[in-house]
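Student: Structure: work-v4.cif, mmCIF, C-alpha atoms.
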data_entry
loop_
_atom_site.label_atom_id
_atom_site.label_comp_id
_atom_site.auth_asym_id
_atom_site.auth_seq_id
_atom_site.Cartn_x
_atom_site.Cartn_y
_atom_site.Cartn_z
CA MET J 27 63.52 150.97 232.52
CA SER J 28 65.17 149.56 229.42
CA ALA J 29 66.37 145.97 229.39
CA LEU J 30 69.48 145.54 231.50
CA PRO J 31 72.62 144.37 229.78
CA VAL J 32 73.53 140.76 230.47
CA THR J 33 76.14 140.74 233.21
CA ARG J 34 78.69 138.17 234.24
CA PRO J 35 78.92 137.69 238.00
CA GLY J 36 82.15 139.35 239.01
CA GLY J 37 82.30 141.38 235.78
CA ARG J 38 82.67 145.15 235.90
CA SER J 39 79.07 145.76 234.94
CA GLU J 40 77.88 143.53 237.77
CA ARG J 41 80.22 145.23 240.27
CA VAL J 42 78.80 148.60 239.25
CA ARG J 43 75.28 147.25 239.67
CA GLN J 44 75.97 145.88 243.14
CA ALA J 45 77.64 149.11 244.25
CA VAL J 46 74.70 151.24 243.14
CA LEU J 47 72.08 148.91 244.62
CA ALA J 48 73.98 148.82 247.91
CA ALA J 49 74.10 152.63 247.90
CA ALA J 50 70.31 152.71 247.39
CA ASP J 51 69.83 150.38 250.36
CA ASP J 52 72.10 152.50 252.55
CA LEU J 53 70.49 155.82 251.67
CA ALA J 54 66.95 154.49 252.05
CA ASP J 55 67.75 152.78 255.36
CA ARG J 56 69.04 156.07 256.75
CA GLY J 57 65.96 157.92 255.56
CA ASP J 58 68.10 160.05 253.24
CA GLU J 59 66.81 161.30 249.92
CA VAL J 60 67.57 158.81 247.17
CA THR J 61 68.60 160.81 244.10
CA VAL J 62 70.90 159.96 241.21
CA ALA J 63 73.42 162.44 242.63
CA ALA J 64 73.32 160.85 246.09
CA LEU J 65 73.63 157.36 244.58
CA GLY J 66 76.66 158.51 242.60
CA ALA J 67 78.35 160.09 245.59
CA ARG J 68 77.81 157.06 247.81
CA SER J 69 78.65 154.32 245.29
CA GLY J 70 81.52 156.02 243.48
CA VAL J 71 79.77 155.28 240.18
CA SER J 72 79.35 158.25 237.86
CA GLU J 73 75.93 159.84 237.64
CA VAL J 74 75.99 159.45 233.86
CA THR J 75 76.39 155.68 234.20
CA ILE J 76 73.55 155.50 236.71
CA TYR J 77 71.33 157.64 234.55
CA ARG J 78 72.07 155.57 231.41
CA ARG J 79 71.34 152.29 233.11
CA TRP J 80 68.38 153.16 235.34
CA ARG J 81 67.04 156.56 234.22
CA THR J 82 65.71 157.40 237.70
CA ALA J 83 66.60 156.85 241.34
CA ASP J 84 63.18 155.23 241.83
CA ASN J 85 64.17 152.51 239.38
CA VAL J 86 67.36 151.81 241.31
CA LEU J 87 65.39 151.56 244.52
CA LEU J 88 62.90 149.13 243.03
CA GLU J 89 65.63 146.94 241.60
CA ALA J 90 67.32 146.84 244.99
CA ALA J 91 64.01 145.85 246.55
CA VAL J 92 63.49 143.02 244.03
CA ARG J 93 66.99 141.76 244.74
CA ASP J 94 66.33 141.78 248.48
CA LEU J 95 63.00 140.01 248.11
CA SER J 96 64.62 137.36 245.86
CA ARG J 97 67.36 136.77 248.39
CA ARG J 98 64.81 136.13 251.07
CA LEU J 99 63.05 133.51 248.93
CA PRO J 100 62.30 130.69 249.45
CA LEU J 101 60.22 131.72 252.44
CA THR J 102 60.26 128.09 253.60
CA PRO J 103 56.51 127.79 253.99
CA THR J 104 55.41 125.35 256.66
CA GLY J 105 52.20 124.48 254.83
CA ASN J 106 50.17 126.00 257.66
CA LEU J 107 48.72 128.81 255.57
CA ARG J 108 47.47 130.84 258.49
CA ARG J 109 50.85 130.79 260.17
CA ASP J 110 52.77 131.39 256.92
CA LEU J 111 50.61 134.30 255.80
CA THR J 112 50.68 135.84 259.24
CA ARG J 113 54.46 135.75 259.32
CA TRP J 114 54.53 137.24 255.82
CA ALA J 115 52.05 140.00 256.77
CA GLN J 116 53.94 140.84 259.97
CA ASP J 117 57.09 141.18 257.91
CA ALA J 118 55.30 143.43 255.41
CA GLU J 119 53.95 145.60 258.25
CA ARG J 120 57.40 145.92 259.80
CA SER J 121 59.02 146.80 256.48
CA LEU J 122 56.37 149.41 255.69
CA ALA J 123 57.06 151.21 258.95
CA THR J 124 60.77 151.70 258.20
CA PRO J 125 62.15 154.72 256.31
CA ARG J 126 63.14 152.38 253.52
CA GLY J 127 59.72 150.75 253.29
CA ARG J 128 58.03 154.13 253.13
CA ARG J 129 60.47 155.33 250.49
CA LEU J 130 59.82 152.21 248.45
CA LEU J 131 56.06 152.65 248.68
CA ALA J 132 56.50 156.26 247.56
CA ALA J 133 58.57 155.08 244.58
CA VAL J 134 55.94 152.52 243.58
CA ALA J 135 53.22 155.19 243.85
CA ARG J 136 55.22 157.67 241.80
CA ILE J 137 55.89 155.12 239.08
CA THR J 138 52.55 153.36 238.81
CA LEU J 139 50.55 156.59 239.09
CA SER J 140 52.66 158.58 236.63
CA PRO J 141 50.31 160.56 234.36
CA ASP J 142 51.58 159.28 231.02
CA GLY J 143 51.92 155.65 232.11
CA THR J 144 55.26 155.12 230.35
CA ALA J 145 57.09 154.59 233.62
CA GLN J 146 54.76 151.85 234.80
CA PRO J 147 56.57 148.75 233.44
CA ALA J 148 59.48 149.64 235.75
CA ALA J 149 57.43 148.60 238.75
CA ARG J 150 56.36 145.25 237.28
CA PRO J 151 59.26 143.06 238.52
CA TYR J 152 58.71 144.34 242.04
CA LEU J 153 54.96 143.78 241.96
CA GLU J 154 55.40 140.33 240.38
CA GLN J 155 57.88 139.38 243.08
CA ARG J 156 55.40 140.29 245.78
CA GLY J 157 52.72 138.24 244.02
CA ALA J 158 55.11 135.28 243.66
CA GLU J 159 55.82 135.29 247.39
CA ILE J 160 52.14 135.04 248.17
CA GLN J 161 51.52 132.37 245.51
CA GLN J 162 54.32 130.29 246.98
CA LEU J 163 52.61 130.26 250.37
CA ILE J 164 49.23 129.42 248.85
CA ASP J 165 50.75 126.57 246.79
CA ALA J 166 52.31 125.04 249.88
CA ALA J 167 49.09 125.15 251.89
CA ASP J 168 48.07 121.82 253.37
CA PRO J 169 45.13 121.31 253.13
CA PRO J 170 44.88 123.25 249.84
CA ALA J 171 43.29 126.69 250.23
CA GLN J 172 40.66 128.32 248.07
CA ILE J 173 42.24 131.77 248.13
CA THR J 174 44.05 133.69 245.42
CA VAL J 175 46.82 136.28 245.32
CA PRO J 176 44.32 139.14 244.78
CA ASP J 177 42.42 137.96 247.88
CA VAL J 178 45.56 138.36 249.96
CA LEU J 179 46.40 141.72 248.37
CA ASP J 180 42.84 143.03 248.95
CA ARG J 181 42.40 141.77 252.47
CA VAL J 182 45.85 141.69 254.04
CA LEU J 183 48.34 143.91 252.22
CA ALA J 184 45.90 146.68 251.22
CA PRO J 185 44.93 147.69 254.79
CA LEU J 186 48.61 147.68 255.83
CA TYR J 187 49.40 150.01 252.93
CA LEU J 188 46.48 152.37 253.43
CA ARG J 189 47.27 152.71 257.15
CA GLN J 190 50.73 153.98 256.20
CA LEU J 191 49.33 156.25 253.52
CA PHE J 192 46.50 157.75 255.59
CA GLY J 193 48.18 157.47 258.98
CA TYR J 194 45.33 155.79 260.86
CA THR J 195 45.55 152.93 263.33
CA PRO J 196 42.58 150.64 263.81
CA ALA J 197 41.72 149.75 267.39
CA SER J 198 42.56 146.14 266.72
CA ARG J 199 43.03 144.02 263.61
CA HIS J 200 46.75 143.32 263.55
CA PRO J 201 48.22 141.33 260.63
CA GLY J 202 47.40 137.96 262.19
CA GLN J 203 43.78 139.01 262.51
CA LEU J 204 43.58 140.22 258.90
CA VAL J 205 44.78 136.78 257.82
CA ALA J 206 42.38 134.96 260.12
CA GLU J 207 39.45 137.02 258.83
CA LEU J 208 40.40 136.31 255.24
CA LEU J 209 40.72 132.57 255.78
CA ALA J 210 37.46 132.44 257.75
CA SER J 211 35.61 134.10 254.88
CA THR J 212 36.54 131.56 252.20
CA MET Q 366 51.06 174.15 254.67
CA SER Q 367 50.98 177.23 256.86
CA ALA Q 368 47.66 178.53 258.08
CA LEU Q 369 45.74 180.19 255.30
CA PRO Q 370 44.92 183.87 255.67
CA VAL Q 371 41.30 184.55 256.52
CA THR Q 372 39.54 185.45 253.31
CA ARG Q 373 36.34 187.33 252.68
CA PRO Q 374 34.16 185.69 250.05
CA GLY Q 375 34.46 187.90 246.99
CA GLY Q 376 37.69 189.51 248.27
CA ARG Q 377 40.82 189.52 246.15
CA SER Q 378 42.51 186.82 248.18
CA GLU Q 379 39.51 184.54 247.75
CA ARG Q 380 39.37 185.24 244.00
CA VAL Q 381 43.04 184.28 243.70
CA ARG Q 382 42.37 181.12 245.67
CA GLN Q 383 39.45 180.09 243.49
CA ALA Q 384 41.41 180.78 240.29
CA VAL Q 385 44.34 178.63 241.40
CA LEU Q 386 42.15 175.78 242.66
CA ALA Q 387 40.19 175.81 239.41
CA ALA Q 388 43.46 175.67 237.47
CA ALA Q 389 44.50 172.63 239.54
CA ASP Q 390 41.21 170.90 238.73
CA ASP Q 391 41.59 171.65 235.02
CA LEU Q 392 45.19 170.45 234.77
CA ALA Q 393 44.55 167.29 236.76
CA ASP Q 394 41.39 166.47 234.79
CA ARG Q 395 43.35 166.68 231.56
CA GLY Q 396 46.10 164.46 232.93
CA ASP Q 397 48.62 167.31 232.62
CA GLU Q 398 51.45 167.74 235.05
CA VAL Q 399 50.41 169.93 237.96
CA THR Q 400 53.34 172.20 238.76
CA VAL Q 401 53.52 175.67 240.27
CA ALA Q 402 54.53 176.98 236.83
CA ALA Q 403 51.57 175.30 235.11
CA LEU Q 404 49.19 176.55 237.80
CA GLY Q 405 50.50 180.08 237.32
CA ALA Q 406 50.17 179.96 233.54
CA ARG Q 407 46.64 178.62 233.67
CA SER Q 408 45.25 180.77 236.49
CA GLY Q 409 47.00 184.04 235.64
CA VAL Q 410 48.21 184.20 239.27
CA SER Q 411 51.94 184.77 239.72
CA GLU Q 412 54.08 181.79 240.66
CA VAL Q 413 55.47 183.74 243.62
CA THR Q 414 51.97 184.18 245.02
CA ILE Q 415 51.20 180.50 244.57
CA TYR Q 416 54.48 179.48 246.13
CA ARG Q 417 53.99 181.80 249.12
CA ARG Q 418 50.51 180.58 249.82
CA TRP Q 419 50.81 176.84 249.12
CA ARG Q 420 54.53 176.01 248.85
CA THR Q 421 53.92 173.07 246.49
CA ALA Q 422 51.58 172.08 243.67
CA ASP Q 423 50.62 168.98 245.68
CA ASN Q 424 49.21 171.24 248.40
CA VAL Q 425 47.09 173.11 245.84
CA LEU Q 426 45.77 169.85 244.48
CA LEU Q 427 44.84 168.58 247.94
CA GLU Q 428 43.07 171.83 248.83
CA ALA Q 429 41.10 171.63 245.59
CA ALA Q 430 40.16 168.05 246.45
CA VAL Q 431 38.96 169.03 249.94
CA ARG Q 432 36.87 171.82 248.42
CA ASP Q 433 35.31 169.39 245.96
CA LEU Q 434 34.57 166.81 248.64
CA SER Q 435 33.01 169.52 250.84
CA ARG Q 436 30.80 170.71 248.01
CA ARG Q 437 29.49 167.21 247.50
CA LEU Q 438 28.57 166.90 251.17
CA PRO Q 439 26.03 166.22 252.52
CA LEU Q 440 25.95 162.87 250.76
CA THR Q 441 22.26 162.61 251.71
CA PRO Q 442 22.53 159.19 253.30
CA THR Q 443 19.39 157.10 253.04
CA GLY Q 444 20.09 155.26 256.29
CA ASN Q 445 20.47 152.01 254.39
CA LEU Q 446 24.15 151.56 255.22
CA ARG Q 447 24.81 148.91 252.65
CA ARG Q 448 23.35 151.01 249.87
CA ASP Q 449 25.00 154.23 251.08
CA LEU Q 450 28.47 152.70 251.48
CA THR Q 451 28.20 150.95 248.14
CA ARG Q 452 27.36 154.21 246.39
CA TRP Q 453 30.25 155.89 248.18
CA ALA Q 454 32.67 153.07 247.28
CA GLN Q 455 31.57 153.07 243.64
CA ASP Q 456 32.20 156.79 243.54
CA ALA Q 457 35.65 156.31 245.11
CA GLU Q 458 36.48 153.58 242.56
CA ARG Q 459 35.38 155.78 239.66
CA SER Q 460 37.38 158.77 240.94
CA LEU Q 461 40.50 156.67 241.45
CA ALA Q 462 40.43 155.53 237.84
CA THR Q 463 40.49 159.09 236.45
CA PRO Q 464 43.72 161.00 235.71
CA ARG Q 465 42.78 163.40 238.47
CA GLY Q 466 42.11 160.67 241.01
CA ARG Q 467 45.44 159.03 240.26
CA ARG Q 468 47.22 162.37 240.48
CA LEU Q 469 45.59 163.04 243.82
CA LEU Q 470 46.60 159.64 245.17
CA ALA Q 471 50.15 160.31 244.01
CA ALA Q 472 50.10 163.66 245.84
CA VAL Q 473 48.85 162.06 249.05
CA ALA Q 474 51.54 159.38 248.79
CA ARG Q 475 54.26 161.93 248.16
CA ILE Q 476 53.17 164.05 251.11
CA THR Q 477 52.41 161.40 253.71
CA LEU Q 478 55.46 159.28 252.85
CA SER Q 479 57.91 162.19 252.71
CA PRO Q 480 61.12 161.15 254.47
CA ASP Q 481 61.32 163.98 256.97
CA GLY Q 482 57.62 164.00 257.80
CA THR Q 483 57.33 167.79 257.84
CA ALA Q 484 55.00 167.80 254.84
CA GLN Q 485 52.53 165.40 256.40
CA PRO Q 486 50.14 167.86 258.10
CA ALA Q 487 49.29 169.20 254.63
CA ALA Q 488 47.40 166.00 253.85
CA ARG Q 489 45.38 166.06 257.07
CA PRO Q 490 42.35 168.10 255.91
CA TYR Q 491 41.95 165.79 252.94
CA LEU Q 492 42.21 162.62 254.99
CA GLU Q 493 39.86 164.03 257.66
CA GLN Q 494 37.33 164.91 255.01
CA ARG Q 495 37.34 161.36 253.69
CA GLY Q 496 36.89 160.06 257.24
CA ALA Q 497 34.04 162.52 257.86
CA GLU Q 498 32.19 161.29 254.78
CA ILE Q 499 32.30 157.73 256.04
CA GLN Q 500 31.34 158.69 259.60
CA GLN Q 501 28.33 160.55 258.25
CA LEU Q 502 27.07 157.41 256.54
CA ILE Q 503 27.67 155.29 259.64
CA ASP Q 504 25.87 157.82 261.86
CA ALA Q 505 22.82 157.76 259.60
CA ALA Q 506 22.61 153.97 259.56
CA ASP Q 507 19.23 152.59 260.59
CA PRO Q 508 19.47 150.19 262.38
CA PRO Q 509 22.72 151.47 263.96
CA ALA Q 510 25.82 149.66 262.71
CA GLN Q 511 28.74 148.31 264.70
CA ILE Q 512 31.38 149.41 262.24
CA THR Q 513 33.94 152.18 262.47
CA VAL Q 514 35.71 154.45 259.99
CA PRO Q 515 38.92 152.33 260.12
CA ASP Q 516 36.82 149.25 259.28
CA VAL Q 517 35.61 150.91 256.10
CA LEU Q 518 39.09 152.19 255.24
CA ASP Q 519 40.64 148.72 255.81
CA ARG Q 520 38.02 146.67 254.03
CA VAL Q 521 36.57 148.91 251.33
CA LEU Q 522 38.85 151.82 250.44
CA ALA Q 523 42.18 149.99 250.91
CA PRO Q 524 41.59 147.33 248.22
CA LEU Q 525 40.41 149.99 245.78
CA TYR Q 526 43.61 151.96 246.40
CA LEU Q 527 45.98 149.00 246.21
CA ARG Q 528 44.43 147.83 242.94
CA GLN Q 529 45.30 151.20 241.41
CA LEU Q 530 48.76 151.15 242.92
CA PHE Q 531 49.66 147.58 241.96
CA GLY Q 532 47.53 147.37 238.81
CA TYR Q 533 45.76 144.09 239.58
CA THR Q 534 42.10 143.28 239.07
CA PRO Q 535 40.48 140.61 241.20
CA ALA Q 536 38.21 138.17 239.39
CA SER Q 537 35.24 139.49 241.29
CA ARG Q 538 34.73 141.57 244.40
CA HIS Q 539 33.44 144.89 243.09
CA PRO Q 540 32.77 147.75 245.55
CA GLY Q 541 29.28 146.50 246.43
CA GLN Q 542 30.72 143.13 247.34
CA LEU Q 543 33.46 144.64 249.50
CA VAL Q 544 30.77 146.48 251.44
CA ALA Q 545 28.57 143.39 251.74
CA GLU Q 546 31.52 141.34 253.03
CA LEU Q 547 32.37 144.00 255.60
CA LEU Q 548 28.83 144.26 256.89
CA ALA Q 549 28.43 140.48 256.99
CA SER Q 550 31.55 140.16 259.15
CA THR Q 551 30.41 142.47 261.96
#
Render the structure in this file as structure tokens.
Tutor:
Amino acid sequence: MSALPVTRPGGRSERVRQAVLAAADDLADRGDEVTVAALGARSGVSEVTIYRRWRTADNVLLEAAVRDLSRRLPLTPTGNLRRDLTRWAQDAERSLATPRGRRLLAAVARITLSPDGTAQPAARPYLEQRGAEIQQLIDAADPPAQITVPDVLDRVLAPLYLRQLFGYTPASRHPGQLVAELLAST
Amino acid sequence: MSALPVTRPGGRSERVRQAVLAAADDLADRGDEVTVAALGARSGVSEVTIYRRWRTADNVLLEAAVRDLSRRLPLTPTGNLRRDLTRWAQDAERSLATPRGRRLLAAVARITLSPDGTAQPAARPYLEQRGAEIQQLIDAADPPAQITVPDVLDRVLAPLYLRQLFGYTPASRHPGQLVAELLAST
């Protein structure tokens, strides 16, 4: 994704952006295919404009996801890391089970696993946002915790993702338990 | 994927199958795009035939992967579960880092996360094969181990997958360590 033009809130460019991102949310929430054509039809913005600004529908979807994650921040951590991470992991599990969450995961996979690698920077803001959420919870932990963002990705988010991808359900080990196991091991 | 016709080894149908699967391996190994057109050009089998039999290039790629996993079996477990799982996880990590491994993961994601869900059964033989590999190692463990296939997926394979998907590298925690942590926790 090329650098976005600077937009004034309320300016035409920003109105176009909001309309297209809202269309992405709508389509993904309904489980509809998110294509440049569908985004154009739903938002009233021309396909050429969408293509010029975002190149692909996946990029629109990721930008909408970053916007939604940013809106939710700050997560108002309580400082109780176990409780905060559990709430965060439950939210991630819920999101992943929705049509939109699955579509977003598919977009991330398509972008980050693209054979030539040129598409990969497009996913970075989304991945950084997810990392920032986790870091925020770790920073607020009282007492301070000895865990890192990769620990949480490996031990809490990764199983939730692979379960969606492979379609298996462990007998137990819900999000709260993944968090408890991680914290017990450090 | 519809049920495959029964094929005699050495029969024409089986020769076609082998040629197309070999073409999928070649293309994926080189990091080329695997499309029905590319498979046709490389294998000499007509696109119509490929389309009729597999419907999508992703399905060809998954069938080639199942064949390759089957060929590698039996994994000749030693009964030392820690050593066997570590070897298996190292192999999974290596595969995931290749163009072909990434392409395969992208195909699984595309199929299992498809919005309407109709494509999902196509990934089942591949996912079952991966589960069977793990079960085989667990069954051979001496002394018997109290872990299950979902445990290994959650704690060993999931981090390896998410690292590829999100592009992060933990400071430590290589495959052998993931296995050691899992076994220590049960």
Student: For Q:Tyr491, find every residue with an atom within 9 Å (counting all atoms listed in the file), except residues of its own chain fewer than 5 positions away, and show them as JSON, numbers by chain.
Tutor: {"Q": [427, 428, 430, 431, 434, 473, 496]}
Student: Selected residues, C-alpha atoms, written as a PDB file, in the frame of the given file, please.
Tutor:
ATOM      1  CA  LEU Q 427      44.840 168.580 247.940  1.00  0.00           C
ATOM      2  CA  GLU Q 428      43.070 171.830 248.830  1.00  0.00           C
ATOM      3  CA  ALA Q 430      40.160 168.050 246.450  1.00  0.00           C
ATOM      4  CA  VAL Q 431      38.960 169.030 249.940  1.00  0.00           C
ATOM      5  CA  LEU Q 434      34.570 166.810 248.640  1.00  0.00           C
ATOM      6  CA  VAL Q 473      48.850 162.060 249.050  1.00  0.00           C
ATOM      7  CA  GLY Q 496      36.890 160.060 257.240  1.00  0.00           C
TER       8      GLY Q 496
END
Student: Closest to chain J among Q:Arg448, Q:Arg377, Q:Arg395, Q:Arg432, using only C-alpha atoms?
Tutor: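 Answer, going by the shortest atom-to-atom distance: Q:Arg395.
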Student: When you draw a straight line from atom CA of J:Arg126 to atom CA of J:Gly57, how long is it in Å?
Tutor: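 Interatomic distance here is 6.5 Å.
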Student: Mind listing as a ChimeraX atom specification which residues of chain J are within 7 Å of chain Q, counting only C-alpha atoms?
Tutor: /J:57,125,128-129,132,135-136,138-139,141,153,176,180-181,184-185,188,191-192,196
Student: How far is it from atom CA of J:Val205 to atom CA of J:Ala115, in Å with one decimal?
Tutor: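 One can read the atom CA of J:Val205 to atom CA of J:Ala115 distance as 8.0 Å.
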Student: Within 9 Å of Q:Pro509, counting only C-alpha atoms, which residues show up once you throw out same-chain ones fewer than 4 positions away? Write them as a PyMOL selection string, please.
Tutor: chain Q and resi 444+446+503-505
Student: In Å to one decimal, how far is atom CA of J:Pro201 from atom CA of Q:Ile512?
Tutor: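 Computed distance, atom CA of Q:Ile512 to atom CA of J:Pro201, equals 18.7 Å.
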Student: Using 5 Å of padding on each side, determine the axis-aligned box around all atoms of stretch 125-135 of chain J present in the file and give its centre and edge lengths in Å to one decimal, as lines of an AutoDock Vina configuration file.
Tutor:
center_x = 58.2
center_y = 153.5
center_z = 249.9
size_x = 19.9
size_y = 15.5
size_z = 22.7
Student: Would you kindly translate the PyMOL selection byres ((chain Q and resi 447) around 10) into the concrete residues it picks from this file, as a PyMOL selection string?
Tutor: chain Q and resi 443-446+448-453+502-503+506+541-542+544-545+547-548
Student: Please list as a list in words every residue within 6 Å of stretch 419-426 of chain Q, counting all atoms listed in the file and excluding residues in the same chain fewer than 6 positions away.
Tutor: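 Once the adjacent positions are removed, what remains is Ala389, Thr400, Val401 and Ala472 of chain Q.
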Student: From the set Q:Glu412, Q:Glu498, Q:Glu379, Q:Asp433, which residue has the shortest atom-to-atom contact distance to Q:Ser460, counting only C-alpha atoms?
Tutor: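 Closest candidate: Q:Asp433.
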Student: Could you list, as a ChimeraX atom specification, every residue within 8 Å of Q:Ala388, counting all atoms listed in the file and ignoring same-chain residues fewer than 4 positions away?
Tutor: /Q:384,392,404,407-408
Student: Choose the residue, out of Q:Arg380, Q:Gln455, Q:Thr463, Q:Ala487, that has the smallest atom-to-atom separation from Q:Gly409; count all atoms listed in the file.
Tutor: Q:Arg380
